[in-house]
Amino acid sequence: EALGFRAGDPLALNAVLRALGDSEPLVVRTACGVCQRLALNRAAERLATLLSDDDETSLAALQALESIADTDSFAAVLQVFDQKRSEDVRRQAAFTLRALAGERNWQELFERWSIDSLPRHRVWACNLAGLFGTAGVAHSLEALAGDPNGHVRKAARRALR
């Protein structure tokens, strides 16, 4: 934790990166928290490898990846989301994916989220379509405009405009 307050010190940052490979999960999770707070881009690849660890470590790594917004981690985070491990891990994976969404990958999220049981994910699907979508998603958005959830309907109508 103390090393995280020495953001300008390359030795401290290297120690944090090494701590991501520690044998003690608490040390690894603490290092993830430092990476999150500092948005330490250099840690992205190592953080992605932690996604297959226990749920607590996966959560910490996902939170750090969300703050870094490293799009190279998209596939690994999407795999965590699709595996449907614990609900907390899946929820955090969704938030991280939302931070990683862009022109290259939005369609993968739209396909999943537009049919997801959580209204929040369907709203996010509409938002992505509004940002990046083409006429090809209009049919899906029209279906979402009739969603039982009012927030989803509103987001779909906004995206269709």
# chains A, B, ... in the order shown; residues from 1 in each chain; ligands from 1
>>> residues_around(residues="Asp54 of chain A", least_positions_apart="4", cutoff="10 Å", atoms="only C-alpha atoms", output="list in words")
Pro25, Leu50, Ser58, Leu59 and Val89 of chain A
>>> residues_around(residues="Asp70 of chain A", least_positions_apart="3", cutoff="7 Å", atoms="only C-alpha atoms", output="list in words")
Ala44, Leu65, Ser73 and Leu100 of chain A
>>> atom_distance(atom1="atom CA of Phe132 of chain A", atom2="atom CA of Asp88 of chain A")
27.8 Å
>>> closest_residue(among="A:Glu103, A:Glu111, A:Asp55, A:Glu66", to="Glu87 of chain A", atoms="only C-alpha atoms")
A:Asp55
>>> closest_atom_pairs(of="segment 45-80 of chain A", to="segment 13-18 of chain A", cutoff="12 Å", atoms="only C-alpha atoms", output="tab-separated table")
residue	atom	partner	partner_atom	distance
A:Glu45	CA	A:Leu17	CA	10.5
A:Arg46	CA	A:Leu17	CA	8.1
A:Leu47	CA	A:Leu17	CA	9.4
>>> select_by_dssp(residues="segment 34-154 of chain A", states="alpha helix (DSSP H)", output="MDAnalysis selection string")
chainID A and resid 34:38 44:49 55:68 74:83 87:100 106:113 119:132 138:144 150:154
>>> write_last_selection(atoms="C-alpha atoms", output="compact mmCIF listing (two decimals), in the first residue's frame")
# COMPACT_ATOMS: atom_id res chain seq x y z
CA VAL A 34 -2.49 0.15 -6.18
CA CYS A 35 -2.60 -0.48 -9.94
CA GLN A 36 -6.21 0.66 -9.94
CA ARG A 37 -5.51 3.83 -7.97
CA LEU A 38 -2.53 4.75 -10.15
CA ALA A 44 -2.45 -4.54 -17.75
CA GLU A 45 -0.99 -7.75 -19.15
CA ARG A 46 -0.24 -9.18 -15.71
CA LEU A 47 -3.66 -8.14 -14.39
CA ALA A 48 -5.32 -10.01 -17.26
CA THR A 49 -3.55 -13.20 -16.18
CA ASP A 55 -13.02 -14.64 -7.15
CA GLU A 56 -11.58 -11.99 -4.81
CA THR A 57 -8.39 -11.68 -6.86
CA SER A 58 -10.36 -11.66 -10.11
CA LEU A 59 -12.52 -8.83 -8.75
CA ALA A 60 -9.47 -6.79 -7.78
CA ALA A 61 -7.86 -7.37 -11.19
CA LEU A 62 -11.08 -6.43 -13.01
CA GLN A 63 -11.38 -3.21 -11.03
CA ALA A 64 -7.79 -2.31 -11.88
CA LEU A 65 -8.34 -3.11 -15.56
CA GLU A 66 -11.42 -0.89 -15.54
CA SER A 67 -9.35 2.07 -14.34
CA ILE A 68 -6.61 1.36 -16.88
CA PHE A 74 -11.05 -7.06 -23.70
CA ALA A 75 -11.03 -10.74 -24.76
CA ALA A 76 -9.89 -11.95 -21.34
CA VAL A 77 -12.52 -9.86 -19.54
CA LEU A 78 -15.23 -10.98 -21.96
CA GLN A 79 -14.33 -14.59 -21.20
CA VAL A 80 -14.80 -13.92 -17.47
CA PHE A 81 -18.18 -12.32 -18.20
CA ASP A 82 -19.26 -15.29 -20.32
CA GLN A 83 -18.14 -17.90 -17.77
CA GLU A 87 -22.43 -12.90 -9.66
CA ASP A 88 -20.03 -10.30 -8.20
CA VAL A 89 -17.29 -11.26 -10.65
CA ARG A 90 -19.70 -11.22 -13.60
CA ARG A 91 -21.05 -7.81 -12.52
CA GLN A 92 -17.57 -6.31 -12.25
CA ALA A 93 -16.59 -7.87 -15.59
CA ALA A 94 -19.55 -6.07 -17.15
CA PHE A 95 -18.46 -2.71 -15.69
CA THR A 96 -14.93 -3.34 -16.91
CA LEU A 97 -16.18 -4.29 -20.38
CA ARG A 98 -18.17 -1.08 -20.51
CA ALA A 99 -14.95 0.85 -19.85
CA LEU A 100 -13.17 -1.14 -22.58
CA TRP A 106 -18.89 -2.85 -29.26
CA GLN A 107 -20.81 -5.35 -31.40
CA GLU A 108 -19.71 -8.30 -29.26
CA LEU A 109 -21.10 -6.52 -26.22
CA PHE A 110 -24.25 -5.43 -28.01
CA GLU A 111 -25.01 -9.02 -29.01
CA ARG A 112 -24.68 -10.24 -25.41
CA TRP A 113 -26.15 -7.31 -23.55
CA PRO A 119 -31.99 -4.24 -17.66
CA ARG A 120 -28.78 -2.29 -16.98
CA HIS A 121 -26.97 -4.40 -19.59
CA ARG A 122 -29.75 -3.86 -22.12
CA VAL A 123 -29.49 -0.11 -21.50
CA TRP A 124 -25.73 -0.30 -22.04
CA ALA A 125 -26.34 -2.21 -25.29
CA CYS A 126 -28.56 0.62 -26.49
CA ASN A 127 -25.97 3.21 -25.46
CA LEU A 128 -23.27 1.38 -27.38
CA ALA A 129 -25.50 1.17 -30.45
CA GLY A 130 -26.15 4.88 -30.15
CA LEU A 131 -22.44 5.62 -30.03
CA PHE A 132 -21.06 3.16 -32.55
CA ALA A 138 -31.93 -0.72 -36.00
CA HIS A 139 -34.07 -3.87 -35.95
CA SER A 140 -32.61 -4.93 -32.58
CA LEU A 141 -33.09 -1.43 -31.20
CA GLU A 142 -36.71 -1.40 -32.35
CA ALA A 143 -37.25 -4.62 -30.40
CA LEU A 144 -35.60 -3.05 -27.36
CA GLY A 150 -38.78 1.78 -19.13
CA HIS A 151 -35.07 2.64 -18.92
CA VAL A 152 -34.33 0.20 -21.73
CA ARG A 153 -37.16 1.58 -23.88
CA LYS A 154 -35.92 5.14 -23.38
>>> atom_distance(atom1="atom CA of Asp72 of chain A", atom2="atom CA of Ala2 of chain A")
28.6 Å
>>> atom_distance(atom1="atom CA of Thr71 of chain A", atom2="atom CA of Ala101 of chain A")
7.6 Å
>>> closest_residue(among="A:Ser114, A:Ala135, A:Leu51, A:Thr30", to="Ala155 of chain A", atoms="only C-alpha atoms")
A:Ser114
>>> closest_residue(among="A:Arg157, A:Ala145, A:Pro10, A:Ser23", to="Arg42 of chain A", atoms="only C-alpha atoms")
A:Pro10
